[in-house]
Amino acid sequence: MHVARLTSIITVAVVASLAIACGSSNNNTPTTPTPTVTFSTQIQQQILTPACSSCHTDDGRTPAGGLNLRAAATSHSNLVGVASTGKAGATRVIAGNPSGSYLVQKLEGAADIVGLRMPRNGPPFLTDAQVALIRQWIQIGAPNN
């Protein structure tokens with residue numbers, strides 16, 4: 001009788017401790033926040049305006065390649081999901097796909113680009129860190145933020 005009762009108590013204790021452990025939200029694995037790249041500040045102000053807007057502007061001229069990169073409001077809408085005018089079948093920026101984005105291919109000087117590597121007045125070209133930031137922005141969906 002005592003053995004049966006002791007077995008029942010142990011069984012209840014084991015089941016209860018398993019239930020508590022399974023329901024616990026104490027996850028010791030640290031979560032890494034998704035890095036955010038801001039288009040208006042990090043891409044436009046720090047990269048596109050100083051490196052690209054001297055040729056890609058509508059200020060008194062037609063922008064090179066029909067691509068106006070003078071201001072964040074127009075740059076984003078002229079880049080994301082827009083077909084390249086220089087290479088048939090290419091898309092300037094494919095949200096989530098940096099390697100498939102023609103902008104990245106032009107900046108990195110891929111073998112199959114049409115025309116010159118950008119920026120055209122390089123070298124120096126964009127730094128590896130600048131291109132990596134553009135790749136990251138595209139990878140996270142090319143947000144207009």
# chains A, B, ... in the order shown; residues from 1 in each chain; ligands from 1

$ residues_around --residues "segment 58-69 of chain A" --least-positions-apart "5" --cutoff "12 Å" --atoms "only C-alpha atoms" --output "NGL selection string"
:A and (40 or 43-45 or 47-53 or 74-80 or 82-87 or 92 or 103 or 114-116 or 118-120)

$ select_by_dssp --residues "segment 28-130 of chain A" --states "helix (DSSP H, G or I)" --output "PyMOL selection string"
chain A and resi 39-52+64-66+72-79+102-108+128-130

$ decode --residues "segment 14-134 of chain A" --atoms "C-alpha atoms" --output "compact mmCIF listing (two decimals), in the first residue's frame"
# COMPACT_ATOMS: atom_id res chain seq x y z
CA VAL A 14 7.45 14.06 -12.23
CA VAL A 15 4.46 14.97 -14.42
CA ALA A 16 4.04 18.30 -12.62
CA SER A 17 7.71 19.22 -12.99
CA LEU A 18 7.63 18.33 -16.69
CA ALA A 19 4.54 20.47 -17.20
CA ILE A 20 6.17 23.39 -15.45
CA ALA A 21 9.37 23.01 -17.49
CA CYS A 22 7.49 22.79 -20.78
CA GLY A 23 5.40 25.83 -20.02
CA SER A 24 8.34 27.91 -18.91
CA SER A 25 9.14 30.93 -21.04
CA ASN A 26 12.62 31.17 -19.58
CA ASN A 27 14.62 30.79 -22.74
CA ASN A 28 18.32 31.20 -22.09
CA THR A 29 19.07 31.70 -25.78
CA PRO A 30 19.69 35.41 -26.40
CA THR A 31 17.74 36.95 -29.24
CA THR A 32 19.51 39.17 -31.69
CA PRO A 33 17.43 42.07 -32.93
CA THR A 34 17.09 42.37 -36.70
CA PRO A 35 19.50 45.06 -37.82
CA THR A 36 17.79 48.07 -39.28
CA VAL A 37 19.24 50.08 -42.11
CA THR A 38 17.60 53.43 -42.72
CA PHE A 39 17.24 54.36 -46.35
CA SER A 40 16.96 58.12 -45.86
CA THR A 41 20.01 58.45 -43.61
CA GLN A 42 22.37 55.54 -44.18
CA ILE A 43 21.74 54.88 -47.86
CA GLN A 44 20.62 58.22 -49.30
CA GLN A 45 22.48 60.81 -47.22
CA GLN A 46 25.66 58.85 -46.56
CA ILE A 47 26.11 56.99 -49.86
CA LEU A 48 23.83 57.97 -52.77
CA THR A 49 23.94 61.75 -52.38
CA PRO A 50 27.72 62.12 -52.11
CA ALA A 51 28.68 59.33 -54.53
CA CYS A 52 25.90 59.21 -57.12
CA SER A 53 23.81 62.36 -57.30
CA SER A 54 26.31 64.42 -59.31
CA CYS A 55 25.33 62.34 -62.39
CA HIS A 56 22.00 60.90 -61.27
CA THR A 57 20.15 64.18 -60.73
CA ASP A 58 17.37 66.11 -62.38
CA ASP A 59 18.83 69.41 -61.22
CA GLY A 60 19.16 71.24 -64.55
CA ARG A 61 19.61 68.05 -66.57
CA THR A 62 18.24 64.63 -67.38
CA PRO A 63 19.55 62.10 -64.85
CA ALA A 64 22.04 59.56 -66.17
CA GLY A 65 20.28 56.34 -67.10
CA GLY A 66 16.98 58.00 -66.26
CA LEU A 67 17.81 57.32 -62.61
CA ASN A 68 17.28 60.30 -60.32
CA LEU A 69 19.06 59.77 -56.99
CA ARG A 70 19.04 63.38 -55.80
CA ALA A 71 16.57 62.98 -52.91
CA ALA A 72 15.35 60.07 -50.79
CA ALA A 73 11.73 60.45 -51.91
CA THR A 74 12.57 59.99 -55.58
CA SER A 75 15.54 57.67 -55.13
CA HIS A 76 13.57 54.91 -53.44
CA SER A 77 10.76 54.96 -56.00
CA ASN A 78 13.30 54.99 -58.85
CA LEU A 79 15.23 52.02 -57.45
CA VAL A 80 12.99 49.40 -55.83
CA GLY A 81 11.20 47.11 -58.24
CA VAL A 82 12.09 49.25 -61.26
CA ALA A 83 13.51 47.80 -64.46
CA SER A 84 16.95 48.96 -65.48
CA THR A 85 17.04 51.15 -68.58
CA GLY A 86 20.60 50.02 -69.31
CA LYS A 87 20.20 46.24 -69.27
CA ALA A 88 17.13 44.44 -70.56
CA GLY A 89 15.58 42.09 -68.02
CA ALA A 90 17.47 43.53 -65.07
CA THR A 91 15.76 45.11 -62.07
CA ARG A 92 17.53 47.91 -60.23
CA VAL A 93 16.67 46.67 -56.72
CA ILE A 94 14.90 43.41 -55.98
CA ALA A 95 13.78 43.61 -52.34
CA GLY A 96 15.25 40.66 -50.44
CA ASN A 97 17.70 39.75 -53.23
CA PRO A 98 20.90 41.81 -53.18
CA SER A 99 22.84 39.57 -55.58
CA GLY A 100 20.02 39.70 -58.12
CA SER A 101 19.75 43.50 -57.87
CA TYR A 102 21.36 45.30 -60.79
CA LEU A 103 22.36 48.19 -58.51
CA VAL A 104 24.65 45.86 -56.53
CA GLN A 105 26.00 44.33 -59.72
CA LYS A 106 26.87 47.79 -61.07
CA LEU A 107 28.47 48.86 -57.78
CA GLU A 108 30.54 45.69 -57.57
CA GLY A 109 31.50 45.74 -61.25
CA ALA A 110 30.04 42.33 -62.12
CA ALA A 111 31.29 40.84 -65.39
CA ASP A 112 27.93 40.97 -67.18
CA ILE A 113 26.95 44.60 -66.50
CA VAL A 114 26.26 46.96 -69.37
CA GLY A 115 28.56 49.97 -69.38
CA LEU A 116 30.93 50.95 -66.62
CA ARG A 117 31.11 50.09 -62.95
CA MET A 118 29.47 52.71 -60.77
CA PRO A 119 30.19 55.28 -59.62
CA ARG A 120 31.48 56.14 -63.04
CA ASN A 121 33.95 58.70 -61.71
CA GLY A 122 35.74 55.94 -59.71
CA PRO A 123 38.11 54.74 -58.63
CA PRO A 124 37.73 55.17 -55.84
CA PHE A 125 34.51 53.24 -55.91
CA LEU A 126 32.24 52.67 -52.92
CA THR A 127 33.97 51.00 -50.00
CA ASP A 128 33.25 47.37 -49.16
CA ALA A 129 31.41 48.60 -46.06
CA GLN A 130 29.16 50.89 -48.14
CA VAL A 131 28.30 48.11 -50.58
CA ALA A 132 27.68 45.75 -47.64
CA LEU A 133 25.26 48.29 -46.15
CA ILE A 134 23.37 48.55 -49.44
